[in-house]
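The structure under discussion appears below in the form of C-alpha cells.
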Amino acid sequence: MSVQKQVRRLTAPDIASRKNGEPVVSLTAYHAHTAGIADKYCDFLLVGDSLGMVMHGFESTVPVPLELMIMHGKAVVRGSERALVVVDMPFGAYEESPAVAFRNAARIMKETDCGAVKLEGGAHMAETISYLVQRGIPVMAHIGLTPQSINTIGGFKTQGRQRDQWAAIEADAKAVAEAGAFSVVLEAMAEPLASRITRSIAIPTIGIGASAACDGQILVMEDMLGLSPRVPKFVKEFGKVGRAIERAIKLYSQDVRTRAFPAPENTYDVKD
Ligand code: KIV
C-alpha cells in the first residue's frame with residue numbers, strides 16, 4: 001500500500017483570515033524550482049506579470065501575453081505544494097468587460113490549477129471583481145502604483161505623496177474590499193496612507209514599497225535576492241545571488257579554458 005503525503009494548500013479565505021493577525025509572507029515566483037524553495041516560507045506565491053520585465057526583457061508589463069502567464073503559472077503550481085498560488089491577469093485580459101475578465105480568469109484557473117487571480121485597478125474594477133468572485137474566482141486586487149497603467153501614469157512613481165491624493169486611493173481600497181477581493185496589494189504608497197487604508201478595510205493589505213504598516217509584504221524574488229540589475233529604492237537585498245552566479249560561471253569558464261573540466265570522477269563511464 002502506498003501512503004501519499006498530503007499537504008493542504010492555503011486558500012484565498014486562509015489569507016483573508018490573516019487580517020490583523022500574523023503578517024502574510026509572499027514573494028513572486030516564476031519557475032518551479034524557486035517556487036519549491038519559497039513554498040517553505042511563503043503564504044502565497046504570486047506569478048506576477050513582472051516576469052515580463054524580470055525574465056523576458058520587456059520594458060514594461062504591458063506586452064505580457066496571457067499564454068506566458070499560464071505557462072509560468074503551471075510551473076509554479078507544479079513546483080509548490082503548500083502556498084496559495086496567485087496568477088496575475090495581464091494587461092488586456094480583463095479591462096474590457098466583466099465577461100471577458102471571467103473568460104480569461106477561468107482559463108487561467110483551469111489551465112494552471114492556481115487558487116486565485118490578481119488584477120490591477122480600484123473603484124473602476126469593482127464591478128469586475130464582484131462579477132468574478134460571485135462566479136467562484138478569488139480575486140486579489142492591486143492599487144496605488146499599477147504598472148500596467150504606466151503609459152497613462154507616465155512613470156513608476158510613489159502614489160499618495162500629497163494629502164489631496166489620498167481620498168481617491170482610499171476610495172479605491174474600500175471599493176475593491178466591498179466588491180469581494182480577498183486581499184489587496186498596495187504598491188509604492190506613502191506610509192501614512194498605507195496605514196490609514198490598512199486600518200480602514202476588512203481585508204489584508206499586502207505592501208510592496210508601502211511600509212511595514214501593511215498586513216503582509218511582497219517583493220519580486222529576483223530583486224530581494226540581489227539578482228536584478230536595477231531595483232526600486234525600497235527593496236532590501238537579502239542575498240547577492242547575481243554575484244554568486246557570476247563567480248560560478250567565471251570559475252566554470254576558467255576550468256573549460258584550462259582543460260580542467262570535467263573533473264575525472266565526474267566523467268561518464270564507458271562500458272564496452
Ligand atoms: O507583477 C508583480 O510582480 C506584482 C507585484 C509587484 C505585486 O504585481
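Each chain in the C-alpha cells gets a letter, A, B, ..., in the order shown, and its residues are numbered from 1; ligands are numbered from 1 in order too.
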Which residues of chain A sit at most 7 Å from ligand 1, using only C-alpha atoms and all ligand atoms? Give each one's shortest atom pair and distance in Å (one decimal place), in chain and ascending residue order, as JSON lines.
```
{"residue": "A:Thr28", "atom": "CA", "partner": "ligand 1", "partner_atom_place_in_ligand_line": "3 (O)", "distance": 5.7}
{"residue": "A:Leu46", "atom": "CA", "partner": "ligand 1", "partner_atom_place_in_ligand_line": "3 (O)", "distance": 6.9}
{"residue": "A:Val47", "atom": "CA", "partner": "ligand 1", "partner_atom_place_in_ligand_line": "3 (O)", "distance": 6.9}
{"residue": "A:Gly48", "atom": "CA", "partner": "ligand 1", "partner_atom_place_in_ligand_line": "1 (O)", "distance": 3.3}
{"residue": "A:Asp49", "atom": "CA", "partner": "ligand 1", "partner_atom_place_in_ligand_line": "1 (O)", "distance": 4.0}
{"residue": "A:Ser50", "atom": "CA", "partner": "ligand 1", "partner_atom_place_in_ligand_line": "1 (O)", "distance": 3.8}
{"residue": "A:Leu51", "atom": "CA", "partner": "ligand 1", "partner_atom_place_in_ligand_line": "1 (O)", "distance": 6.8}
{"residue": "A:Asp88", "atom": "CA", "partner": "ligand 1", "partner_atom_place_in_ligand_line": "1 (O)", "distance": 6.7}
{"residue": "A:Val185", "atom": "CA", "partner": "ligand 1", "partner_atom_place_in_ligand_line": "7 (C)", "distance": 6.3}
{"residue": "A:Glu187", "atom": "CA", "partner": "ligand 1", "partner_atom_place_in_ligand_line": "7 (C)", "distance": 6.9}
{"residue": "A:Ile208", "atom": "CA", "partner": "ligand 1", "partner_atom_place_in_ligand_line": "7 (C)", "distance": 6.4}
{"residue": "A:Ile218", "atom": "CA", "partner": "ligand 1", "partner_atom_place_in_ligand_line": "7 (C)", "distance": 6.3}
{"residue": "A:Leu219", "atom": "CA", "partner": "ligand 1", "partner_atom_place_in_ligand_line": "6 (C)", "distance": 6.5}
{"residue": "A:Val220", "atom": "CA", "partner": "ligand 1", "partner_atom_place_in_ligand_line": "3 (O)", "distance": 5.6}
```
*Show which residues sit within 9 Å of A:Val25, as a list in words. Count only C-alpha atoms, and ignore same-chain residues fewer than 6 positions away.*
Tyr41, Cys42, Asp43, Phe44, Leu45, Ile206, Gly216, Gln217 and Ile218 of chain A
The selected residues should be written to file as a PDB file, in the first residue's frame (atoms: N, CA, C and O atoms).
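Result file result.pdb:
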```
ATOM      1  N   TYR A  41       8.376  28.913   2.996  1.00  0.00           N
ATOM      2  CA  TYR A  41       8.348  30.095   3.866  1.00  0.00           C
ATOM      3  C   TYR A  41       7.215  31.075   3.551  1.00  0.00           C
ATOM      4  O   TYR A  41       6.963  31.966   4.358  1.00  0.00           O
ATOM      5  N   CYS A  42       6.598  30.913   2.400  1.00  0.00           N
ATOM      6  CA  CYS A  42       5.613  31.923   1.966  1.00  0.00           C
ATOM      7  C   CYS A  42       4.185  31.415   2.109  1.00  0.00           C
ATOM      8  O   CYS A  42       3.913  30.237   1.911  1.00  0.00           O
ATOM      9  N   ASP A  43       3.282  32.338   2.403  1.00  0.00           N
ATOM     10  CA  ASP A  43       1.862  32.004   2.478  1.00  0.00           C
ATOM     11  C   ASP A  43       1.236  31.995   1.079  1.00  0.00           C
ATOM     12  O   ASP A  43       0.362  31.206   0.799  1.00  0.00           O
ATOM     13  N   PHE A  44       1.676  32.932   0.243  1.00  0.00           N
ATOM     14  CA  PHE A  44       1.251  32.828  -1.163  1.00  0.00           C
ATOM     15  C   PHE A  44       2.410  33.195  -2.086  1.00  0.00           C
ATOM     16  O   PHE A  44       3.337  33.926  -1.705  1.00  0.00           O
ATOM     17  N   LEU A  45       2.364  32.620  -3.276  1.00  0.00           N
ATOM     18  CA  LEU A  45       3.350  32.912  -4.319  1.00  0.00           C
ATOM     19  C   LEU A  45       2.597  33.594  -5.450  1.00  0.00           C
ATOM     20  O   LEU A  45       1.555  33.092  -5.891  1.00  0.00           O
ATOM     21  N   ILE A 206      -1.392  43.961   1.336  1.00  0.00           N
ATOM     22  CA  ILE A 206      -0.083  43.354   1.086  1.00  0.00           C
ATOM     23  C   ILE A 206       0.782  44.457   0.475  1.00  0.00           C
ATOM     24  O   ILE A 206       0.505  44.916  -0.643  1.00  0.00           O
ATOM     25  N   GLY A 216       0.766  42.420   5.345  1.00  0.00           N
ATOM     26  CA  GLY A 216       1.730  41.456   4.818  1.00  0.00           C
ATOM     27  C   GLY A 216       2.623  42.166   3.824  1.00  0.00           C
ATOM     28  O   GLY A 216       2.425  43.356   3.539  1.00  0.00           O
ATOM     29  N   GLN A 217       3.598  41.458   3.310  1.00  0.00           N
ATOM     30  CA  GLN A 217       4.560  42.053   2.380  1.00  0.00           C
ATOM     31  C   GLN A 217       4.774  41.134   1.184  1.00  0.00           C
ATOM     32  O   GLN A 217       4.693  39.908   1.301  1.00  0.00           O
ATOM     33  N   ILE A 218       5.072  41.769   0.050  1.00  0.00           N
ATOM     34  CA  ILE A 218       5.503  41.003  -1.133  1.00  0.00           C
ATOM     35  C   ILE A 218       6.688  41.727  -1.753  1.00  0.00           C
ATOM     36  O   ILE A 218       6.767  42.963  -1.675  1.00  0.00           O
TER      37      ILE A 218
END
```
*A:Met125, A:Leu68, A:Ile108, A:Ala194: which is nearest A:Ala175, counting only C-alpha atoms?*
A:Met125
Which residues come within 10 Å of A:Met221, counting only C-alpha atoms, excluding same-chain residues fewer than 5 positions away, as a compact mmCIF listing (two decimals) with N, CA, C and O atoms, in the first residue's frame?
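Just written: out01.txt:
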```txt
# COMPACT_ATOMS: atom_id res chain seq x y z
N SER A 26 4.92 36.82 1.38
CA SER A 26 4.75 36.39 -0.01
C SER A 26 5.88 36.91 -0.88
O SER A 26 6.57 37.88 -0.53
N LEU A 27 6.08 36.23 -1.98
CA LEU A 27 7.08 36.60 -2.98
C LEU A 27 6.52 36.31 -4.35
O LEU A 27 5.60 35.49 -4.49
N THR A 28 7.09 36.93 -5.36
CA THR A 28 6.77 36.49 -6.71
C THR A 28 7.55 35.19 -6.97
O THR A 28 8.59 34.94 -6.36
N ALA A 29 7.02 34.37 -7.85
CA ALA A 29 7.75 33.18 -8.30
C ALA A 29 7.36 32.94 -9.76
O ALA A 29 6.19 33.14 -10.13
N TYR A 30 8.34 32.56 -10.55
CA TYR A 30 8.08 32.36 -11.97
C TYR A 30 8.43 30.94 -12.43
O TYR A 30 8.06 30.54 -13.52
N THR A 34 12.41 27.59 -7.97
CA THR A 34 12.42 28.66 -6.97
C THR A 34 11.09 28.67 -6.20
O THR A 34 11.05 29.01 -5.01
N ALA A 35 10.01 28.29 -6.88
CA ALA A 35 8.72 28.18 -6.18
C ALA A 35 8.83 27.15 -5.07
O ALA A 35 8.31 27.35 -3.96
N ALA A 38 10.67 28.78 -2.12
CA ALA A 38 9.86 29.81 -1.44
C ALA A 38 8.62 29.22 -0.76
O ALA A 38 8.13 29.77 0.23
N LEU A 45 2.36 32.62 -3.28
CA LEU A 45 3.35 32.91 -4.32
C LEU A 45 2.60 33.59 -5.45
O LEU A 45 1.55 33.09 -5.89
N LEU A 46 3.11 34.73 -5.87
CA LEU A 46 2.46 35.47 -6.95
C LEU A 46 3.23 35.25 -8.25
O LEU A 46 4.42 35.57 -8.33
N VAL A 54 11.33 41.04 -15.69
CA VAL A 54 12.41 40.35 -14.98
C VAL A 54 13.02 39.22 -15.82
O VAL A 54 14.23 39.04 -15.86
N GLY A 226 19.01 39.93 -4.95
CA GLY A 226 20.19 40.61 -5.49
C GLY A 226 20.53 40.09 -6.87
O GLY A 226 21.70 40.02 -7.26
N LEU A 227 19.51 39.72 -7.63
CA LEU A 227 19.73 39.17 -8.97
C LEU A 227 19.33 40.16 -10.06
O LEU A 227 19.79 40.06 -11.20
N SER A 228 18.47 41.12 -9.70
CA SER A 228 18.01 42.08 -10.71
C SER A 228 19.05 43.18 -10.90
O SER A 228 19.60 43.67 -9.90
N GLU A 237 18.02 44.08 -0.19
CA GLU A 237 18.59 42.88 -0.81
C GLU A 237 18.97 41.91 0.30
O GLU A 237 19.80 42.22 1.15
N PHE A 238 18.36 40.72 0.27
CA PHE A 238 18.63 39.71 1.30
C PHE A 238 19.70 38.73 0.83
O PHE A 238 20.07 37.83 1.57
```
_DSSP-assigned helix (DSSP H, G or I) members of stretch 57-139 of chain A, reported as a PyMOL selection string_ = chain A and resi 66-79+98-112+123-134
_Within 9 Å of A:Ile137 using only C-alpha atoms, minus same-chain residues under 6 positions, as a list in words_ = Phe102, Ala105, Ala106, Met109, Gly115, Ala116, Val117, Ile129 and Tyr131 of chain A
*Between atom CA of A:Arg196 and atom CA of A:Gln165, measure the distance and give it in Å to one decimal.*
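Going from atom CA of A:Arg196 over to atom CA of A:Gln165, I get 13.1 Å.
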*Excluding A:Lys157 and any residue of its chain fewer than 6 positions from it, enumerate the residues within 9 Å of it, using only C-alpha atoms, and give them as a PyMOL selection string.*
chain A and resi 145+188-189
Save out the residues we just selected, all heavy atoms, as a compact mmCIF listing (two decimals), in the first residue's frame.
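The result, written out as again36.txt:
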```txt
# COMPACT_ATOMS: atom_id res chain seq x y z
N LEU A 145 0.38 52.27 -7.11
CA LEU A 145 1.06 52.22 -8.41
C LEU A 145 0.62 50.95 -9.13
O LEU A 145 0.81 49.84 -8.61
CB LEU A 145 2.58 52.22 -8.21
CG LEU A 145 3.41 52.00 -9.47
CD1 LEU A 145 3.17 53.09 -10.51
CD2 LEU A 145 4.89 51.93 -9.15
N ALA A 188 3.91 50.96 -3.89
CA ALA A 188 4.58 52.27 -3.91
C ALA A 188 3.71 53.37 -3.32
O ALA A 188 3.32 54.30 -4.02
CB ALA A 188 5.00 52.61 -5.34
N MET A 189 3.42 53.24 -2.06
CA MET A 189 2.47 54.14 -1.42
C MET A 189 3.09 54.73 -0.16
O MET A 189 3.75 54.02 0.60
CB MET A 189 1.25 53.30 -1.05
CG MET A 189 0.02 54.09 -0.84
SD MET A 189 -1.34 52.97 -0.54
CE MET A 189 -1.78 52.46 -2.17
```
*Pick the closest to A:Glu96 from A:Asn20, A:Thr128, A:Gln159, A:Thr112: which is it, counting only C-alpha atoms?*
A:Thr128
